[in-house]
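Quick look at model-v7.csv (CSV, C-alpha atoms):
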```csv
chain,number,residue,atom,x,y,z
A,1,MET,CA,-4.6,15.7,9.4
A,2,ILE,CA,-1.0,16.5,8.4
A,3,GLU,CA,-0.7,19.9,6.7
A,4,ILE,CA,2.5,20.8,4.9
A,5,LYS,CA,2.7,24.4,3.7
A,6,ASN,CA,5.4,26.1,1.6
A,7,LEU,CA,8.1,23.7,3.0
A,8,THR,CA,11.6,24.5,1.8
A,9,LYS,CA,14.7,22.9,3.1
A,10,TYR,CA,18.3,23.5,1.9
A,11,TYR,CA,21.3,21.7,3.2
A,12,GLY,CA,24.1,24.2,3.5
A,13,ARG,CA,23.7,27.2,1.2
A,14,LYS,CA,23.0,25.6,-2.1
A,15,SER,CA,22.1,21.9,-1.8
A,16,LEU,CA,18.4,21.6,-2.2
A,17,GLY,CA,16.4,19.2,0.0
A,18,LEU,CA,12.9,20.2,-0.7
A,19,TYR,CA,11.4,23.2,-2.5
A,20,ASP,CA,8.0,24.8,-1.8
A,21,ILE,CA,6.2,21.6,-0.9
A,22,ASN,CA,2.5,21.8,-0.2
A,23,PHE,CA,0.1,19.0,0.5
A,24,ASN,CA,-2.3,17.6,3.1
A,25,ILE,CA,-2.7,14.1,4.4
A,26,GLU,CA,-6.0,12.9,5.8
A,27,GLY,CA,-5.8,10.6,8.8
A,28,GLY,CA,-5.9,6.9,8.3
A,29,GLN,CA,-4.3,6.8,4.8
A,30,ILE,CA,-1.4,4.7,3.7
A,31,ILE,CA,0.8,6.8,1.4
A,32,GLY,CA,3.8,5.9,-0.6
A,33,ILE,CA,6.6,8.5,-1.1
A,34,PHE,CA,8.5,7.6,-4.3
A,35,GLY,CA,11.5,9.2,-6.0
A,36,GLN,CA,15.1,8.5,-6.9
A,37,ASN,CA,17.9,8.7,-4.4
A,38,GLY,CA,18.4,12.4,-3.5
A,39,SER,CA,14.8,13.4,-4.6
A,40,GLY,CA,13.9,14.5,-1.0
A,41,LYS,CA,12.1,11.5,0.4
A,42,THR,CA,14.0,11.3,3.7
A,43,THR,CA,14.1,15.0,4.1
A,44,LEU,CA,10.3,15.1,3.8
A,45,LEU,CA,9.9,12.4,6.5
A,46,LYS,CA,12.4,14.2,8.8
A,47,SER,CA,10.5,17.4,8.3
A,48,ILE,CA,7.2,15.9,9.3
A,49,MET,CA,8.9,14.4,12.3
A,50,GLY,CA,10.2,17.8,13.2
A,51,LEU,CA,13.8,16.5,13.0
A,52,CYS,CA,15.2,19.2,10.7
A,53,GLU,CA,15.3,23.0,10.7
A,54,LEU,CA,13.3,24.3,7.8
A,55,ASN,CA,14.3,27.2,5.7
A,56,SER,CA,10.7,28.1,5.3
A,57,GLY,CA,7.2,26.7,5.6
A,58,THR,CA,5.3,24.8,8.3
A,59,VAL,CA,4.3,21.3,9.1
A,60,PHE,CA,1.3,21.0,11.4
A,61,ILE,CA,-0.4,17.8,12.7
A,62,ASP,CA,-4.0,18.5,13.7
A,63,GLY,CA,-3.1,22.2,13.9
A,64,LYS,CA,0.0,21.8,16.1
A,65,PRO,CA,3.8,21.3,15.4
A,66,ALA,CA,5.2,17.8,15.6
A,67,LYS,CA,7.6,18.8,18.4
A,68,GLU,CA,4.6,19.3,20.7
A,69,GLN,CA,3.2,15.9,20.1
A,70,TYR,CA,6.2,13.7,19.5
A,71,GLU,CA,4.4,10.7,21.2
A,72,ARG,CA,2.0,10.6,18.3
A,73,LEU,CA,4.7,9.9,15.7
A,74,SER,CA,6.9,6.9,15.1
A,75,PHE,CA,9.9,7.0,12.7
A,76,ILE,CA,11.2,3.7,11.4
A,77,THR,CA,14.5,4.4,9.7
A,78,GLU,CA,17.3,2.5,8.1
A,79,GLU,CA,19.9,4.1,10.4
A,80,GLY,CA,18.0,3.0,13.5
A,81,SER,CA,16.9,5.1,16.4
A,82,PHE,CA,18.1,2.6,19.1
A,83,PHE,CA,21.2,2.8,21.3
A,84,PRO,CA,23.7,0.2,20.1
A,85,TRP,CA,25.0,-0.5,23.6
A,86,MET,CA,21.6,-1.5,24.9
A,87,THR,CA,19.9,-4.9,24.5
A,88,PRO,CA,16.4,-4.9,22.9
A,89,GLU,CA,15.0,-5.6,26.4
A,90,GLU,CA,16.8,-2.5,27.9
A,91,TYR,CA,15.7,-0.4,24.9
A,92,GLY,CA,12.1,-1.4,25.5
A,93,GLU,CA,12.3,-0.3,29.1
A,94,PHE,CA,13.9,2.9,28.0
A,95,LEU,CA,11.1,3.5,25.5
A,96,SER,CA,8.3,2.7,27.9
A,97,GLU,CA,9.7,5.3,30.3
A,98,PHE,CA,9.7,7.9,27.6
A,99,PHE,CA,6.4,7.1,25.9
A,100,ASP,CA,3.3,6.5,27.9
A,101,ARG,CA,1.7,4.5,25.1
A,102,PHE,CA,4.6,2.2,24.5
A,103,ASP,CA,3.2,-1.4,24.4
A,104,GLN,CA,5.8,-3.7,26.0
A,105,ALA,CA,3.8,-6.8,25.4
A,106,LYS,CA,3.5,-6.0,21.7
A,107,TYR,CA,7.2,-5.1,21.4
A,108,HIS,CA,8.2,-8.5,22.9
A,109,LYS,CA,5.7,-10.4,20.8
A,110,LEU,CA,7.3,-8.8,17.7
A,111,LEU,CA,10.8,-9.5,18.8
A,112,ASP,CA,9.9,-13.1,19.4
A,113,PHE,CA,8.2,-13.2,15.9
A,114,PHE,CA,11.5,-11.9,14.4
A,115,ARG,CA,13.5,-14.4,16.5
A,116,ILE,CA,15.5,-11.7,18.1
A,117,ASP,CA,17.5,-12.4,21.3
A,118,SER,CA,16.2,-9.7,23.6
A,119,LYS,CA,19.2,-10.1,25.9
A,120,ALA,CA,22.0,-9.6,23.2
A,121,LYS,CA,23.6,-6.2,22.7
A,122,ILE,CA,22.1,-4.5,19.7
A,123,ARG,CA,25.5,-3.5,18.4
A,124,THR,CA,26.5,-7.2,18.0
A,125,MET,CA,23.5,-7.8,15.7
A,126,SER,CA,23.5,-8.0,11.9
A,127,LYS,CA,22.0,-5.2,9.8
A,128,GLY,CA,18.8,-7.2,9.2
A,129,GLN,CA,18.4,-7.9,12.9
A,130,LYS,CA,18.9,-4.3,13.8
A,131,ALA,CA,16.2,-3.3,11.3
A,132,LYS,CA,13.9,-5.8,13.0
A,133,VAL,CA,14.5,-4.3,16.5
A,134,GLU,CA,13.9,-0.9,14.9
A,135,THR,CA,10.6,-2.1,13.4
A,136,ALA,CA,9.4,-3.8,16.5
A,137,ALA,CA,10.0,-0.7,18.5
A,138,GLY,CA,8.4,1.6,15.9
A,139,PHE,CA,5.2,-0.4,15.7
A,140,SER,CA,4.9,-0.6,19.5
A,141,LYS,CA,5.1,3.0,20.3
A,142,GLY,CA,1.4,3.5,20.1
A,143,ALA,CA,1.8,6.2,17.5
A,144,ASP,CA,-1.0,7.1,15.2
A,145,ILE,CA,1.4,8.5,12.5
A,146,ILE,CA,4.1,6.0,11.4
A,147,LEU,CA,6.8,7.1,9.0
A,148,MET,CA,9.0,4.5,7.4
A,149,ASP,CA,12.2,5.2,5.5
A,150,GLU,CA,13.2,2.5,3.0
A,151,PRO,CA,11.7,-0.4,5.0
A,152,PHE,CA,12.5,-2.8,2.3
A,153,SER,CA,16.1,-2.0,1.7
A,154,GLY,CA,18.5,-4.9,2.4
A,155,LYS,CA,15.6,-7.3,2.7
A,156,ASP,CA,15.2,-10.3,0.5
A,157,MET,CA,11.9,-11.1,-1.2
A,158,VAL,CA,10.6,-13.4,1.6
A,159,THR,CA,11.4,-10.8,4.2
A,160,ARG,CA,9.7,-8.1,2.2
A,161,LYS,CA,6.6,-10.3,1.9
A,162,GLU,CA,6.8,-10.9,5.7
A,163,PHE,CA,7.2,-7.2,6.3
A,164,LEU,CA,3.9,-6.4,4.4
A,165,LYS,CA,2.1,-9.1,6.5
A,166,LEU,CA,3.6,-7.5,9.6
A,167,ILE,CA,2.4,-4.0,8.7
A,168,ASN,CA,-1.1,-5.5,8.2
A,169,THR,CA,-1.1,-7.4,11.5
A,170,SER,CA,0.4,-4.6,13.5
A,171,LEU,CA,-2.0,-1.8,12.5
A,172,ARG,CA,-5.2,-0.8,14.2
A,173,THR,CA,-6.3,0.5,10.8
A,174,ASP,CA,-6.8,4.1,11.9
A,175,GLU,CA,-3.1,5.0,11.7
A,176,THR,CA,-1.6,7.3,9.1
A,177,ILE,CA,1.4,5.7,7.4
A,178,LEU,CA,4.0,7.2,5.1
A,179,ILE,CA,6.4,4.8,3.4
A,180,ALA,CA,9.4,6.2,1.5
A,181,THR,CA,10.8,3.7,-0.9
A,182,HIS,CA,11.9,3.3,-4.5
A,183,LEU,CA,10.4,-0.2,-4.7
A,184,VAL,CA,7.1,0.2,-6.4
A,185,ASP,CA,6.0,-3.4,-6.9
A,186,GLU,CA,6.3,-4.4,-3.3
A,187,ILE,CA,4.1,-1.8,-1.9
A,188,GLU,CA,1.6,-0.6,-4.5
A,189,ASN,CA,-1.3,-2.8,-3.5
A,190,MET,CA,-1.0,-1.4,0.0
A,191,LEU,CA,-1.4,2.2,-0.9
A,192,ASP,CA,-4.2,4.6,-0.9
A,193,ARG,CA,-2.1,7.3,-2.4
A,194,ALA,CA,1.3,7.9,-4.0
A,195,ILE,CA,3.4,11.0,-4.0
A,196,ILE,CA,6.4,11.2,-6.4
A,197,LEU,CA,9.3,13.5,-5.7
A,198,LYS,CA,11.8,14.7,-8.2
A,199,TYR,CA,14.7,17.1,-7.4
A,200,GLY,CA,13.0,18.2,-4.2
A,201,ARG,CA,9.6,19.0,-5.8
A,202,ILE,CA,6.4,17.1,-6.1
A,203,ALA,CA,6.2,15.5,-9.6
A,204,GLY,CA,3.1,13.5,-9.0
A,205,ASP,CA,0.4,13.1,-6.3
A,206,PHE,CA,-2.5,10.8,-6.9
A,207,TYR,CA,-4.9,8.2,-5.5
A,208,MET,CA,-4.2,4.7,-6.6
A,209,ASP,CA,-7.9,4.0,-7.4
A,210,GLU,CA,-8.0,7.1,-9.7
A,211,ILE,CA,-5.0,6.2,-11.8
A,212,ARG,CA,-6.1,2.5,-12.1
A,213,GLN,CA,-9.6,3.7,-13.1
A,214,GLN,CA,-7.8,5.2,-16.1
A,215,GLY,CA,-5.9,1.9,-16.7
A,216,ILE,CA,-2.5,3.4,-15.6
A,217,SER,CA,-0.2,1.5,-13.3
A,218,LEU,CA,1.9,3.1,-10.6
A,219,ALA,CA,5.1,2.0,-12.4
A,220,GLU,CA,4.0,3.9,-15.5
A,221,LYS,CA,3.2,7.0,-13.5
A,222,TYR,CA,6.5,6.8,-11.7
A,223,LEU,CA,8.4,6.6,-15.0
A,224,GLU,CA,6.4,9.5,-16.4
A,225,ALA,CA,6.7,11.7,-13.4
A,226,GLY,CA,10.3,10.8,-12.8
A,227,GLY,CA,11.1,12.2,-16.2
A,228,TYR,CA,12.2,8.9,-17.9
A,229,GLU,CA,13.0,9.9,-21.5
A,230,SER,CA,13.1,6.8,-23.7
A,231,GLU,CA,14.3,9.0,-26.7
A,232,ARG,CA,17.6,9.6,-25.0
A,233,PHE,CA,18.5,6.0,-25.6
A,234,ASN,CA,18.2,6.5,-29.3
A,235,GLU,CA,21.4,8.4,-29.3
A,236,LEU,CA,23.1,5.4,-27.8
A,237,LEU,CA,21.5,3.0,-30.3
A,238,ASN,CA,22.8,5.0,-33.2
A,239,ILE,CA,26.5,4.8,-32.1
B,240,MET,CA,-15.8,-19.3,3.8
B,241,ILE,CA,-15.0,-17.9,0.4
B,242,ASP,CA,-11.4,-18.7,-0.6
B,243,PHE,CA,-9.6,-15.7,-1.9
B,244,SER,CA,-6.3,-17.4,-2.4
B,245,LYS,CA,-7.0,-17.7,-6.1
B,246,LEU,CA,-7.4,-14.0,-6.6
B,247,LYS,CA,-4.3,-12.5,-8.4
B,248,PHE,CA,-4.3,-8.8,-8.9
B,249,ASN,CA,-3.5,-7.0,-12.1
B,250,ASN,CA,-2.0,-3.5,-11.7
B,251,LYS,CA,-4.4,-1.8,-14.1
B,252,GLU,CA,-7.7,-1.9,-12.2
B,253,PRO,CA,-8.5,-0.6,-8.7
B,254,ILE,CA,-7.9,-3.3,-6.2
B,255,TYR,CA,-11.4,-2.9,-4.6
B,256,GLN,CA,-13.0,-3.4,-8.1
B,257,GLN,CA,-11.0,-6.6,-8.6
B,258,ILE,CA,-12.2,-8.0,-5.3
B,259,VAL,CA,-15.8,-7.2,-6.2
B,260,ASP,CA,-15.4,-8.8,-9.6
B,261,PHE,CA,-13.8,-11.9,-8.1
B,262,VAL,CA,-16.7,-12.4,-5.7
B,263,LYS,CA,-19.1,-12.0,-8.6
B,264,ARG,CA,-17.3,-14.7,-10.6
B,265,GLU,CA,-17.3,-17.0,-7.6
B,266,ILE,CA,-21.0,-16.5,-7.4
B,267,ILE,CA,-21.6,-17.3,-11.1
B,268,LYS,CA,-19.3,-20.4,-10.8
B,269,LYS,CA,-21.4,-21.4,-7.7
B,270,ASN,CA,-18.2,-21.5,-5.6
B,271,ALA,CA,-19.9,-18.9,-3.5
B,272,VAL,CA,-23.6,-19.5,-2.5
B,273,ASP,CA,-26.2,-17.8,-0.4
B,274,GLY,CA,-25.1,-17.7,3.2
B,275,ASP,CA,-21.4,-18.2,2.6
B,276,GLU,CA,-19.2,-16.2,4.9
B,277,LEU,CA,-16.5,-13.7,3.8
B,278,PRO,CA,-13.3,-13.1,5.8
B,279,SER,CA,-13.4,-10.1,8.1
B,280,ARG,CA,-11.9,-6.9,6.7
B,281,ARG,CA,-8.6,-7.3,8.6
B,282,GLU,CA,-8.3,-11.0,7.7
B,283,LEU,CA,-8.8,-10.3,4.0
B,284,ALA,CA,-6.3,-7.4,4.1
B,285,PHE,CA,-3.8,-9.9,5.7
B,286,ILE,CA,-4.5,-12.7,3.2
B,287,LEU,CA,-4.1,-10.4,0.1
B,288,ASP,CA,-1.4,-8.1,1.4
B,289,ILE,CA,-3.5,-5.0,0.8
B,290,ASN,CA,-4.7,-2.0,2.7
B,291,PRO,CA,-7.7,-2.5,5.1
B,292,ASN,CA,-9.2,0.7,3.7
B,293,THR,CA,-9.4,-1.0,0.3
B,294,VAL,CA,-11.2,-4.1,1.7
B,295,GLN,CA,-13.6,-1.8,3.4
B,296,LYS,CA,-14.3,0.0,0.1
B,297,ALA,CA,-14.9,-3.4,-1.7
B,298,TYR,CA,-17.3,-4.6,1.0
B,299,LYS,CA,-19.1,-1.3,0.9
B,300,GLN,CA,-19.6,-1.7,-2.8
B,301,MET,CA,-20.8,-5.3,-2.5
B,302,GLU,CA,-23.3,-4.2,0.1
B,303,ASP,CA,-24.5,-1.3,-2.1
B,304,GLU,CA,-24.9,-3.7,-5.0
B,305,GLY,CA,-26.9,-6.0,-2.7
B,306,PHE,CA,-25.1,-9.3,-2.8
B,307,ILE,CA,-23.4,-9.3,0.6
B,308,LYS,CA,-24.9,-8.5,4.0
B,309,THR,CA,-23.1,-7.3,7.1
B,310,GLY,CA,-24.7,-7.5,10.6
B,311,ASN,CA,-23.3,-6.2,13.8
B,312,ASN,CA,-20.1,-7.9,15.0
B,313,VAL,CA,-20.4,-10.8,12.6
B,314,ARG,CA,-18.8,-11.7,9.4
B,315,SER,CA,-20.3,-10.5,6.1
B,316,VAL,CA,-22.2,-13.1,4.2
B,317,ILE,CA,-23.2,-13.7,0.6
B,318,GLN,CA,-26.9,-12.8,0.1
B,319,ILE,CA,-28.3,-13.7,-3.3
B,320,ASN,CA,-31.6,-14.6,-4.9
B,321,ASP,CA,-32.5,-15.4,-8.5
B,322,GLU,CA,-32.9,-11.8,-9.4
B,323,ILE,CA,-29.5,-10.7,-8.1
B,324,TYR,CA,-27.9,-13.8,-9.6
B,325,ALA,CA,-29.4,-13.0,-13.0
B,326,LYS,CA,-28.2,-9.4,-12.8
B,327,ILE,CA,-24.6,-10.4,-12.0
B,328,GLU,CA,-24.6,-13.1,-14.7
B,329,ASN,CA,-25.9,-10.6,-17.2
B,330,GLU,CA,-23.3,-8.0,-16.2
B,331,LEU,CA,-20.4,-10.5,-16.4
B,332,THR,CA,-21.5,-11.8,-19.7
B,333,VAL,CA,-21.8,-8.4,-21.2
B,334,SER,CA,-18.4,-7.3,-20.0
B,335,LEU,CA,-16.9,-10.6,-21.3
B,336,VAL,CA,-18.3,-10.0,-24.7
B,337,GLN,CA,-17.3,-6.3,-24.6
B,338,ASP,CA,-13.7,-7.3,-23.9
B,339,PHE,CA,-13.8,-9.8,-26.7
B,340,ILE,CA,-15.1,-7.3,-29.2
B,341,GLN,CA,-12.5,-4.8,-28.2
B,342,SER,CA,-9.6,-7.2,-28.7
B,343,ALA,CA,-11.1,-8.4,-32.0
B,344,LYS,CA,-11.3,-4.8,-33.2
B,345,GLU,CA,-7.7,-4.1,-32.0
B,346,SER,CA,-6.7,-7.1,-34.2
B,347,ALA,CA,-8.5,-5.5,-37.1
B,348,LEU,CA,-11.0,-8.4,-37.4
B,349,SER,CA,-14.2,-7.8,-39.3
B,350,TYR,CA,-17.6,-8.6,-37.9
B,351,GLU,CA,-18.1,-11.2,-40.7
B,352,ARG,CA,-14.8,-12.9,-40.0
B,353,VAL,CA,-15.6,-13.1,-36.2
B,354,ILE,CA,-19.1,-14.5,-36.9
B,355,THR,CA,-17.7,-17.1,-39.3
B,356,LEU,CA,-15.0,-18.2,-36.9
B,357,LEU,CA,-17.4,-18.3,-34.0
B,358,SER,CA,-20.0,-20.4,-35.9
B,359,ARG,CA,-17.3,-22.8,-37.1
B,360,MET,CA,-15.4,-23.1,-33.8
B,361,TRP,CA,-18.2,-23.0,-31.3
B,362,ASP,CA,-18.7,-26.8,-31.2
B,363,GLU,CA,-15.1,-27.7,-31.5
B,364,ASP,CA,-13.7,-29.3,-28.3
B,365,LYS,CA,-10.3,-27.8,-28.5
B,366,VAL,CA,-10.9,-24.1,-28.1
```

Is it possible to give me this structure as structure tokens?
Amino acid sequence: MIEIKNLTKYYGRKSLGLYDINFNIEGGQIIGIFGQNGSGKTTLLKSIMGLCELNSGTVFIDGKPAKEQYERLSFITEEGSFFPWMTPEEYGEFLSEFFDRFDQAKYHKLLDFFRIDSKAKIRTMSKGQKAKVETAAGFSKGADIILMDEPFSGKDMVTRKEFLKLINTSLRTDETILIATHLVDEIENMLDRAIILKYGRIAGDFYMDEIRQQGISLAEKYLEAGGYESERFNELLNI
Amino acid sequence: MIDFSKLKFNNKEPIYQQIVDFVKREIIKKNAVDGDELPSRRELAFILDINPNTVQKAYKQMEDEGFIKTGNNVRSVIQINDEIYAKIENELTVSLVQDFIQSAKESALSYERVITLLSRMWDEDKV
């Protein structure tokens, strides 16, 4: 279980990342983290990974800080965690030295699936190819908590669909997965639970089955929690 | 094997519920009969692009309602007899009529008007 208590993070002195965040995540769930740009999605994932200094609060995974069990976590990010001067093959060797559970066979299977040349330098690759190397590595780490930051960005519709299939084939089903994105439609059928952030605070936290039982879609919840005010447009209409 | 490719999700009902209802409709339409296999949980998650936990929840509900059976290390199969078939049929019919009554009321139709239309249109081909 991931336990987040009183988590607050500022960037510099005034710029708010997250403010007094509290929630728990049971193992084995797939959770969507939604919110506009700047709402704190990436900061939340980085805090769980133990990648940023918190102003206050704690993040514990099964009672211990992330830093003590880094091999259990995998972070798939837009920026990429690979070294650009390496080839995917070299990067795989590097990772398997670092992480006991790194699965070379799975990594190469995924690279082949993505049609990535494992002997080309990563820096010579396109943005999309780099994202695929990042994804292949992230899914092969043997982690039981996988965090993804905007996995759909820059991908076309076919690739987004492929990506969902890939998540499904790559999982053992007991992993906990957090996906930060602002694309609701792509992912909503995959989710157990959705958390909506607004200005660094939690504006909504619910289980998908519960809101649908009430006949409410995730998109509606997102608009409501995100503070979309339809009346504001009346002023424009009256011009 | 039951073909789930025709199942299209709406975003207003729980996914697991939509899977359960789909299988029930397939049973009523005789597209699914006693002994037919269902895909494994992982297969179905892959086919429908959904979460394996959700498939598990749907299968659990179908087992509880008694129309699928799961053994050890084998695929789940449809298990129906006349009694279960009648129960599902009754349930689907009632919910169909409930939905109809609700939309009729939302359109401010009177009971008399609905009955008149029903009696007149029932035997028409082009409805």

Worksheet item: Could you pull the residues within 10 Å of Val313 in chain B, counting all atoms listed in the file, minus those fewer than 5 positions along the same chain, as a PyMOL selection string?
Response: chain B and resi 276+279+308

Worksheet, complete the sentence: Across A:Lys141, A:Arg160, A:Lys64, A:Lys46, the smallest distance to chain B, with only C-alpha atoms counted, is shown by A:Arg160

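Among the candidate residues A:Tyr222, A:Leu171, A:Cys52, A:Leu164, the one lying nearest to chain B is A:Leu164, with distances computed using all atoms listed in the file.
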
Discussion item. I need the chain A residues near chain B as a PyMOL selection string; criterion: at most 8 Å, counting all atoms listed in the file.
Written reply: chain A and resi 29-30+164-165+168-169+173+189-192+208-210+212-213+215-218

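Here CA of Ser334 in chain B stands at a distance of 21.1 Å from CA of Arg352 in chain B.
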
Worksheet entry | Pairwise distance for CA of Ala143 in chain A and CA of Leu111 in chain A, rounded to one decimal in Å | 18.1 Å

Response to the item:
Using only C-alpha atoms, the shortest atom-to-atom distance to Lys326 in chain B among B:Ile266, B:Ala271, B:Leu356, B:Ser342 belongs to B:Ile266

Discussion item. List as a count of residues only the protein and nucleic acid residues near Thr43 in chain A, meaning an atom at most 10 Å away when only C-alpha atoms are counted, but skip any in the same chain fewer than 3 places from it.
Written reply: 15

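Using only C-alpha atoms, the smallest distance between any of A:Glu134, A:Arg123, A:Gln36, A:Leu110 and Ser81 in chain A comes from A:Glu134.
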
Fill in: Residue nearest Glu89 in chain A among A:Ile31, A:Ala137, A:Val59, A:Met1 (counting all atoms listed in the file)
A:Ala137

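Our summary of the geometry notes that CA of Lys14 in chain A is positioned 26.3 Å from CA of Ala66 in chain A.
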
Discussion item. For Gly138 in chain A, find every residue with an atom within 12 Å (counting all atoms listed in the file), except residues of its own chain fewer than 4 positions away, and show them as a ChimeraX atom specification.
Written reply: /A:71-78,80-82,91-92,95,99,101-104,106-107,110-111,131-134,142-149,151,167,170-171,177

Practice prompt. Enumerate, as a count of residues only, the protein, DNA and RNA residues whose atoms approach (-7.2, 9.2, 8.3) to within 7 Å, taking into account all atoms listed in the file and the coordinate frame of the file.
Written response: 7

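The shortest atom-to-atom distance to Arg314 in chain B, with only C-alpha atoms taken into account, belongs to B:Leu277 out of B:Leu277, B:Val272, B:Ile267, B:Val262.
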
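Around Ile202 in chain A, within 8 Å and counting all atoms listed in the file, the residues found are Ile21, Ile195 and Ile196 of chain A, once anything fewer than 6 positions away on its own chain is removed.
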
Discussion item. Counting all atoms listed in the file, which residues have an atom no more than 10 Å from (3.1, 23.2, -0.5) in the file's coordinates? Please list them as a VMD selection string.
Written reply: chain A and resid 3 to 8 19 to 24 57 to 59 201 to 202

Since the input is missing atoms for range 278-284 of chain B, could you rebuild it with all heavy atoms and give the result as a short mmCIF file (atom, residue, chain, number, x, y, z; two decimals), in the frame of the given file?
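Once written, selection.cif looks like this:
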```
data_model
loop_
_atom_site.label_atom_id
_atom_site.label_comp_id
_atom_site.auth_asym_id
_atom_site.auth_seq_id
_atom_site.Cartn_x
_atom_site.Cartn_y
_atom_site.Cartn_z
N PRO B 278 -14.26 -13.43 4.73
CA PRO B 278 -13.30 -13.10 5.80
C PRO B 278 -13.63 -11.73 6.38
O PRO B 278 -14.21 -10.91 5.67
CB PRO B 278 -11.96 -13.14 5.15
CG PRO B 278 -12.14 -13.82 3.84
CD PRO B 278 -13.57 -13.62 3.45
N SER B 279 -13.21 -11.48 7.61
CA SER B 279 -13.40 -10.10 8.10
C SER B 279 -12.46 -9.19 7.34
O SER B 279 -11.57 -9.65 6.61
CB SER B 279 -12.95 -10.08 9.62
OG SER B 279 -11.54 -10.12 9.73
N ARG B 280 -12.67 -7.91 7.49
CA ARG B 280 -11.90 -6.90 6.70
C ARG B 280 -10.38 -7.08 6.99
O ARG B 280 -9.56 -7.03 6.08
CB ARG B 280 -12.37 -5.54 7.00
CG ARG B 280 -13.68 -5.23 6.28
CD ARG B 280 -14.62 -4.41 7.16
NE ARG B 280 -15.85 -4.05 6.46
CZ ARG B 280 -16.89 -4.87 6.31
NH1 ARG B 280 -16.85 -6.12 6.78
NH2 ARG B 280 -17.97 -4.47 5.68
N ARG B 281 -10.05 -7.22 8.25
CA ARG B 281 -8.60 -7.30 8.60
C ARG B 281 -8.03 -8.64 8.09
O ARG B 281 -6.89 -8.69 7.64
CB ARG B 281 -8.43 -7.24 10.12
CG ARG B 281 -8.65 -5.84 10.62
CD ARG B 281 -7.96 -5.62 11.94
NE ARG B 281 -6.52 -5.68 11.83
CZ ARG B 281 -5.70 -5.47 12.83
NH1 ARG B 281 -6.18 -5.21 14.01
NH2 ARG B 281 -4.40 -5.53 12.67
N GLU B 282 -8.82 -9.71 8.19
CA GLU B 282 -8.30 -11.00 7.70
C GLU B 282 -8.03 -10.93 6.19
O GLU B 282 -7.00 -11.40 5.72
CB GLU B 282 -9.38 -12.11 7.92
CG GLU B 282 -9.44 -12.61 9.36
CD GLU B 282 -10.70 -13.44 9.63
OE1 GLU B 282 -11.65 -13.41 8.82
OE2 GLU B 282 -10.73 -14.09 10.68
N LEU B 283 -8.96 -10.33 5.45
CA LEU B 283 -8.80 -10.30 4.00
C LEU B 283 -7.57 -9.38 3.63
O LEU B 283 -6.80 -9.72 2.74
CB LEU B 283 -10.04 -9.81 3.29
CG LEU B 283 -10.01 -9.99 1.77
CD1 LEU B 283 -9.75 -11.44 1.39
CD2 LEU B 283 -11.28 -9.50 1.12
N ALA B 284 -7.41 -8.28 4.35
CA ALA B 284 -6.30 -7.40 4.10
C ALA B 284 -4.97 -8.20 4.32
O ALA B 284 -4.02 -8.09 3.54
CB ALA B 284 -6.29 -6.21 5.05
#
```
